file target_27.txt (compact mmCIF, N, CA and C atoms)
# COMPACT_ATOMS: atom_id res chain seq x y z
N MET A 605 -6.13 4.52 0.72
CA MET A 605 -7.02 3.51 0.18
C MET A 605 -6.62 3.20 -1.25
N LYS A 606 -6.53 1.93 -1.59
CA LYS A 606 -6.16 1.52 -2.94
C LYS A 606 -7.41 1.34 -3.78
N LEU A 607 -7.47 2.04 -4.91
CA LEU A 607 -8.63 1.93 -5.80
C LEU A 607 -8.42 0.78 -6.78
N LYS A 608 -9.51 0.12 -7.13
CA LYS A 608 -9.43 -1.00 -8.07
C LYS A 608 -9.56 -0.54 -9.51
N ILE A 609 -9.75 0.75 -9.71
CA ILE A 609 -9.87 1.33 -11.05
C ILE A 609 -8.53 1.96 -11.42
N LYS A 610 -8.04 1.66 -12.60
CA LYS A 610 -6.74 2.16 -13.05
C LYS A 610 -6.90 3.03 -14.30
N LYS A 611 -5.93 3.86 -14.56
CA LYS A 611 -5.90 4.67 -15.77
C LYS A 611 -5.88 3.75 -16.98
N GLY A 612 -6.73 4.04 -17.97
CA GLY A 612 -6.79 3.22 -19.18
C GLY A 612 -7.89 2.18 -19.17
N ASP A 613 -8.52 1.92 -18.01
CA ASP A 613 -9.62 0.95 -17.94
C ASP A 613 -10.84 1.50 -18.66
N LYS A 614 -11.63 0.60 -19.25
CA LYS A 614 -12.93 0.98 -19.82
C LYS A 614 -13.95 0.79 -18.71
N VAL A 615 -14.68 1.86 -18.38
CA VAL A 615 -15.61 1.82 -17.26
C VAL A 615 -17.00 2.28 -17.67
N THR A 616 -17.99 1.95 -16.84
CA THR A 616 -19.38 2.36 -17.03
C THR A 616 -19.85 3.05 -15.76
N VAL A 617 -20.57 4.18 -15.92
CA VAL A 617 -21.12 4.90 -14.77
C VAL A 617 -22.42 4.19 -14.39
N ILE A 618 -22.55 3.82 -13.10
CA ILE A 618 -23.71 3.05 -12.66
C ILE A 618 -24.74 3.85 -11.88
N SER A 619 -24.42 5.10 -11.48
CA SER A 619 -25.40 5.92 -10.78
C SER A 619 -25.08 7.39 -10.96
N GLY A 620 -26.07 8.23 -10.70
CA GLY A 620 -25.89 9.66 -10.85
C GLY A 620 -26.45 10.17 -12.16
N SER A 621 -26.20 11.43 -12.45
CA SER A 621 -26.75 12.07 -13.66
C SER A 621 -26.14 11.51 -14.94
N GLN A 622 -24.98 10.90 -14.85
CA GLN A 622 -24.29 10.36 -16.03
C GLN A 622 -24.49 8.85 -16.18
N LYS A 623 -25.47 8.27 -15.48
CA LYS A 623 -25.71 6.83 -15.45
C LYS A 623 -25.85 6.26 -16.86
N GLY A 624 -25.17 5.14 -17.11
CA GLY A 624 -25.25 4.46 -18.39
C GLY A 624 -24.15 4.83 -19.37
N LYS A 625 -23.47 5.94 -19.15
CA LYS A 625 -22.39 6.36 -20.05
C LYS A 625 -21.13 5.56 -19.74
N SER A 626 -20.31 5.38 -20.75
CA SER A 626 -19.06 4.64 -20.55
C SER A 626 -17.94 5.31 -21.32
N GLY A 627 -16.72 4.99 -20.93
CA GLY A 627 -15.55 5.56 -21.59
C GLY A 627 -14.28 5.07 -20.91
N LYS A 628 -13.17 5.57 -21.42
CA LYS A 628 -11.85 5.18 -20.90
C LYS A 628 -11.44 6.13 -19.78
N VAL A 629 -10.83 5.59 -18.74
CA VAL A 629 -10.37 6.41 -17.61
C VAL A 629 -9.13 7.19 -18.04
N LEU A 630 -9.20 8.53 -17.92
CA LEU A 630 -8.09 9.39 -18.28
C LEU A 630 -7.15 9.62 -17.10
N SER A 631 -7.72 9.75 -15.89
CA SER A 631 -6.90 9.94 -14.71
C SER A 631 -7.65 9.48 -13.47
N VAL A 632 -6.87 9.15 -12.43
CA VAL A 632 -7.42 8.70 -11.16
C VAL A 632 -6.80 9.54 -10.06
N ASN A 633 -7.63 10.04 -9.13
CA ASN A 633 -7.16 10.79 -7.98
C ASN A 633 -7.50 9.99 -6.72
N PRO A 634 -6.56 9.18 -6.21
CA PRO A 634 -6.87 8.33 -5.06
C PRO A 634 -7.09 9.07 -3.76
N THR A 635 -6.58 10.29 -3.62
CA THR A 635 -6.79 11.03 -2.37
C THR A 635 -8.21 11.58 -2.28
N LYS A 636 -8.78 12.00 -3.40
CA LYS A 636 -10.15 12.51 -3.43
C LYS A 636 -11.16 11.44 -3.85
N LEU A 637 -10.66 10.23 -4.18
CA LEU A 637 -11.50 9.11 -4.60
C LEU A 637 -12.32 9.45 -5.84
N GLN A 638 -11.68 10.11 -6.82
CA GLN A 638 -12.37 10.53 -8.03
C GLN A 638 -11.63 10.07 -9.28
N VAL A 639 -12.40 9.86 -10.36
CA VAL A 639 -11.83 9.49 -11.65
C VAL A 639 -12.34 10.45 -12.72
N VAL A 640 -11.56 10.63 -13.77
CA VAL A 640 -11.96 11.42 -14.93
C VAL A 640 -12.12 10.44 -16.08
N ILE A 641 -13.31 10.46 -16.71
CA ILE A 641 -13.63 9.51 -17.77
C ILE A 641 -13.83 10.27 -19.07
N GLU A 642 -13.27 9.74 -20.14
CA GLU A 642 -13.33 10.37 -21.46
C GLU A 642 -14.78 10.49 -21.94
N GLY A 643 -15.23 11.74 -22.20
CA GLY A 643 -16.56 12.00 -22.74
C GLY A 643 -17.69 11.94 -21.73
N VAL A 644 -17.40 11.83 -20.44
CA VAL A 644 -18.43 11.74 -19.41
C VAL A 644 -18.32 12.95 -18.49
N ASN A 645 -19.48 13.48 -18.06
CA ASN A 645 -19.56 14.61 -17.13
C ASN A 645 -18.85 15.85 -17.69
N MET A 646 -19.21 16.21 -18.92
CA MET A 646 -18.58 17.33 -19.60
C MET A 646 -18.96 18.65 -18.95
N ARG A 647 -17.97 19.53 -18.76
CA ARG A 647 -18.15 20.83 -18.14
C ARG A 647 -17.65 21.91 -19.09
N LYS A 648 -18.23 23.10 -19.01
CA LYS A 648 -17.79 24.25 -19.81
C LYS A 648 -16.79 25.06 -18.99
N HIS A 649 -15.68 25.42 -19.61
CA HIS A 649 -14.65 26.21 -18.94
C HIS A 649 -14.36 27.45 -19.79
N HIS A 650 -14.54 28.63 -19.21
CA HIS A 650 -14.28 29.87 -19.93
C HIS A 650 -12.80 30.22 -19.78
N GLU A 651 -12.12 30.31 -20.91
CA GLU A 651 -10.68 30.54 -20.90
C GLU A 651 -10.36 31.89 -21.54
N LYS A 652 -9.52 32.65 -20.84
CA LYS A 652 -9.12 33.97 -21.34
C LYS A 652 -8.08 33.82 -22.46
N ALA A 653 -8.14 34.70 -23.44
CA ALA A 653 -7.19 34.67 -24.56
C ALA A 653 -5.79 35.05 -24.07
N LYS A 654 -4.80 34.35 -24.60
CA LYS A 654 -3.40 34.60 -24.29
C LYS A 654 -2.64 34.71 -25.60
N PRO A 655 -1.43 35.23 -25.58
CA PRO A 655 -0.67 35.30 -26.83
C PRO A 655 -0.51 33.90 -27.45
N ASN A 656 -0.75 33.79 -28.72
CA ASN A 656 -0.67 32.54 -29.48
C ASN A 656 -1.67 31.48 -29.01
N HIS A 657 -2.70 31.90 -28.29
CA HIS A 657 -3.72 30.95 -27.83
C HIS A 657 -5.06 31.68 -27.72
N PRO A 658 -6.02 31.36 -28.59
CA PRO A 658 -7.30 32.06 -28.53
C PRO A 658 -8.10 31.65 -27.30
N GLY A 659 -8.89 32.57 -26.80
CA GLY A 659 -9.76 32.27 -25.67
C GLY A 659 -11.07 31.68 -26.16
N GLY A 660 -11.97 31.44 -25.24
CA GLY A 660 -13.28 30.91 -25.61
C GLY A 660 -13.80 29.95 -24.57
N ILE A 661 -14.89 29.30 -24.93
CA ILE A 661 -15.51 28.34 -24.03
C ILE A 661 -15.05 26.94 -24.45
N ILE A 662 -14.42 26.24 -23.52
CA ILE A 662 -13.85 24.92 -23.79
C ILE A 662 -14.60 23.87 -22.98
N SER A 663 -14.92 22.75 -23.61
CA SER A 663 -15.54 21.63 -22.89
C SER A 663 -14.46 20.70 -22.40
N LYS A 664 -14.54 20.32 -21.13
CA LYS A 664 -13.59 19.37 -20.58
C LYS A 664 -14.31 18.45 -19.61
N GLU A 665 -13.72 17.28 -19.38
CA GLU A 665 -14.34 16.28 -18.52
C GLU A 665 -14.24 16.68 -17.05
N GLY A 666 -15.33 16.45 -16.32
CA GLY A 666 -15.33 16.65 -14.88
C GLY A 666 -15.05 15.33 -14.19
N THR A 667 -14.96 15.38 -12.87
CA THR A 667 -14.66 14.16 -12.12
C THR A 667 -15.94 13.43 -11.74
N VAL A 668 -15.79 12.12 -11.51
CA VAL A 668 -16.87 11.25 -11.06
C VAL A 668 -16.33 10.48 -9.86
N HIS A 669 -17.13 10.33 -8.81
CA HIS A 669 -16.68 9.57 -7.64
C HIS A 669 -16.52 8.10 -8.04
N TYR A 670 -15.47 7.46 -7.54
CA TYR A 670 -15.15 6.10 -7.95
C TYR A 670 -16.24 5.10 -7.58
N SER A 671 -17.06 5.39 -6.56
CA SER A 671 -18.11 4.46 -6.16
C SER A 671 -19.26 4.42 -7.17
N ASN A 672 -19.32 5.39 -8.06
CA ASN A 672 -20.36 5.44 -9.08
C ASN A 672 -19.91 4.80 -10.39
N VAL A 673 -18.77 4.10 -10.37
CA VAL A 673 -18.18 3.57 -11.59
C VAL A 673 -17.81 2.10 -11.40
N LEU A 674 -18.06 1.27 -12.44
CA LEU A 674 -17.62 -0.12 -12.44
C LEU A 674 -16.86 -0.38 -13.74
N VAL A 675 -15.88 -1.26 -13.66
CA VAL A 675 -15.10 -1.64 -14.83
C VAL A 675 -15.99 -2.44 -15.78
N THR A 676 -15.88 -2.17 -17.09
CA THR A 676 -16.65 -2.89 -18.09
C THR A 676 -15.95 -4.20 -18.43
N ASP A 677 -16.70 -5.30 -18.35
CA ASP A 677 -16.16 -6.63 -18.65
C ASP A 677 -15.96 -6.75 -20.16
N ASP A 678 -14.78 -7.17 -20.59
CA ASP A 678 -14.48 -7.31 -22.02
C ASP A 678 -15.32 -8.40 -22.67
N LYS A 679 -15.61 -9.45 -21.97
CA LYS A 679 -16.32 -10.59 -22.53
C LYS A 679 -17.80 -10.29 -22.77
N SER A 680 -18.49 -9.75 -21.76
CA SER A 680 -19.93 -9.52 -21.88
C SER A 680 -20.30 -8.07 -22.22
N GLY A 681 -19.39 -7.13 -21.99
CA GLY A 681 -19.67 -5.73 -22.24
C GLY A 681 -20.50 -5.08 -21.16
N LYS A 682 -20.72 -5.78 -20.05
CA LYS A 682 -21.51 -5.26 -18.94
C LYS A 682 -20.59 -4.87 -17.79
N PRO A 683 -21.08 -4.01 -16.88
CA PRO A 683 -20.27 -3.63 -15.72
C PRO A 683 -19.97 -4.82 -14.82
N SER A 684 -18.77 -4.84 -14.25
CA SER A 684 -18.35 -5.94 -13.39
C SER A 684 -17.49 -5.42 -12.26
N ARG A 685 -17.59 -6.08 -11.11
CA ARG A 685 -16.71 -5.76 -10.01
C ARG A 685 -15.33 -6.33 -10.31
N VAL A 686 -14.31 -5.82 -9.61
CA VAL A 686 -12.93 -6.24 -9.84
C VAL A 686 -12.45 -7.04 -8.64
N GLY A 687 -11.76 -8.14 -8.92
CA GLY A 687 -11.16 -8.94 -7.86
C GLY A 687 -9.68 -9.12 -8.14
N TYR A 688 -8.97 -9.61 -7.14
CA TYR A 688 -7.55 -9.90 -7.29
C TYR A 688 -7.31 -11.37 -7.01
N ARG A 689 -6.41 -11.97 -7.76
CA ARG A 689 -6.03 -13.36 -7.53
C ARG A 689 -4.56 -13.51 -7.85
N THR A 690 -3.95 -14.53 -7.26
CA THR A 690 -2.55 -14.80 -7.54
C THR A 690 -2.47 -15.91 -8.58
N SER A 691 -1.57 -15.74 -9.49
CA SER A 691 -1.33 -16.75 -10.53
C SER A 691 0.17 -16.96 -10.64
N ASP A 692 0.58 -17.74 -11.62
CA ASP A 692 2.01 -17.98 -11.79
C ASP A 692 2.76 -16.70 -12.20
N LYS A 693 2.03 -15.72 -12.77
CA LYS A 693 2.63 -14.44 -13.15
C LYS A 693 2.71 -13.48 -11.96
N GLY A 694 1.99 -13.79 -10.90
CA GLY A 694 1.93 -12.90 -9.74
C GLY A 694 0.49 -12.49 -9.49
N LYS A 695 0.30 -11.36 -8.87
CA LYS A 695 -1.03 -10.85 -8.55
C LYS A 695 -1.65 -10.22 -9.79
N GLU A 696 -2.91 -10.57 -10.09
CA GLU A 696 -3.56 -9.99 -11.26
C GLU A 696 -5.00 -9.60 -10.92
N ARG A 697 -5.50 -8.60 -11.67
CA ARG A 697 -6.89 -8.18 -11.52
C ARG A 697 -7.75 -8.98 -12.47
N PHE A 698 -8.99 -9.28 -12.05
CA PHE A 698 -9.90 -9.99 -12.95
C PHE A 698 -11.32 -9.47 -12.77
N ALA A 699 -12.14 -9.64 -13.80
CA ALA A 699 -13.55 -9.25 -13.75
C ALA A 699 -14.32 -10.37 -13.07
N LYS A 700 -15.06 -10.04 -12.02
CA LYS A 700 -15.79 -11.06 -11.29
C LYS A 700 -16.97 -11.62 -12.07
N ARG A 701 -17.49 -10.88 -13.05
CA ARG A 701 -18.62 -11.35 -13.84
C ARG A 701 -18.25 -12.55 -14.70
N SER A 702 -17.09 -12.49 -15.36
CA SER A 702 -16.72 -13.57 -16.28
C SER A 702 -15.45 -14.30 -15.85
N GLY A 703 -14.66 -13.71 -14.97
CA GLY A 703 -13.41 -14.34 -14.53
C GLY A 703 -12.23 -14.06 -15.43
N THR A 704 -12.40 -13.22 -16.45
CA THR A 704 -11.29 -12.91 -17.36
C THR A 704 -10.36 -11.88 -16.72
N ALA A 705 -9.09 -11.98 -17.03
CA ALA A 705 -8.09 -11.04 -16.51
C ALA A 705 -8.25 -9.68 -17.16
N LEU A 706 -7.96 -8.64 -16.39
CA LEU A 706 -8.07 -7.27 -16.93
C LEU A 706 -6.71 -6.75 -17.33
call {"tool": "encode", "arguments": {"input": "target_27.txt", "output": "structure tokens"}}
result
Amino acid sequence: MKLKIKKGDKVTVISGSQKGKSGKVLSVNPTKLQVVIEGVNMRKHHEKAKPNHPGGIISKEGTVHYSNVLVTDDKSGKPSRVGYRTSDKGKERFAKRSGTAL
């Protein structure tokens, strides 16, 4: 399945415990249908000390299912669905809310 969300997109969480938060997509896992968003769904990870690396409790981003996320429209700043259209440059993604290219 091809996801319409790409690494580097600015997205907004539309449902779940993280609803309303937004950030940049750090990674996409198309096989598990999950995305990692900067500053969203923070988890605590206990890390053991290693030589030249102190241990401790580290906060890192957890995954969010792609169906709970929409791309943020640059023009309005609101969540928008993504569409595809062909232009003279080839196939391009656009925000359905405003029609601007992503």
call {"tool": "closest_residue", "arguments": {"input": "target_27.txt", "among": "A:Asn656, A:Ser671, A:Gln622, A:Lys614", "to": "Pro634 in chain A", "atoms": "only C-alpha atoms"}}
result
A:Ser671
call {"tool": "residues_around", "arguments": {"input": "target_27.txt", "residues": "range 672-683 of chain A", "least_positions_apart": "6", "cutoff": "7 Å", "atoms": "only N, CA and C atoms", "output": "NGL selection string"}}
result
:A and (613-620 or 699 or 701-702)
call {"tool": "atom_distance", "arguments": {"input": "target_27.txt", "atom1": "atom C of Leu607 in chain A", "atom2": "atom C of Gly703 in chain A"}}
result
17.6 Å
call {"tool": "atom_distance", "arguments": {"input": "target_27.txt", "atom1": "atom N of Ile641 in chain A", "atom2": "atom C of Gly624 in chain A"}}
result
12.5 Å
call {"tool": "axis_aligned_box", "arguments": {"input": "target_27.txt", "around": "range 653-669 of chain A", "padding_each_side": "5 Å", "output": "AutoDock Vina command-line options"}}
result
--center_x -8.8 --center_y 21.7 --center_z -18.6 --size_x 26.6 --size_y 37.2 --size_z 31.8
call {"tool": "residues_around", "arguments": {"input": "target_27.txt", "residues": "Val640 in chain A", "least_positions_apart": "2", "cutoff": "6 Å", "atoms": "only N, CA and C atoms", "output": "list in words"}}
result
Lys628, Val629, Leu630, Ser631, Val632, Gln638, Glu642, Gly666, Thr667 and Val668 of chain A
call {"tool": "atom_distance", "arguments": {"input": "target_27.txt", "atom1": "atom C of Glu651 in chain A", "atom2": "atom C of Val639 in chain A"}}
result
23.3 Å
call {"tool": "select_by_dssp", "arguments": {"input": "target_27.txt", "residues": "range 605-661 of chain A", "states": "strand (DSSP E or B)", "output": "ChimeraX atom specification"}}
result
/A:614-617,626-633,638-641,646-651,654,657,660-661
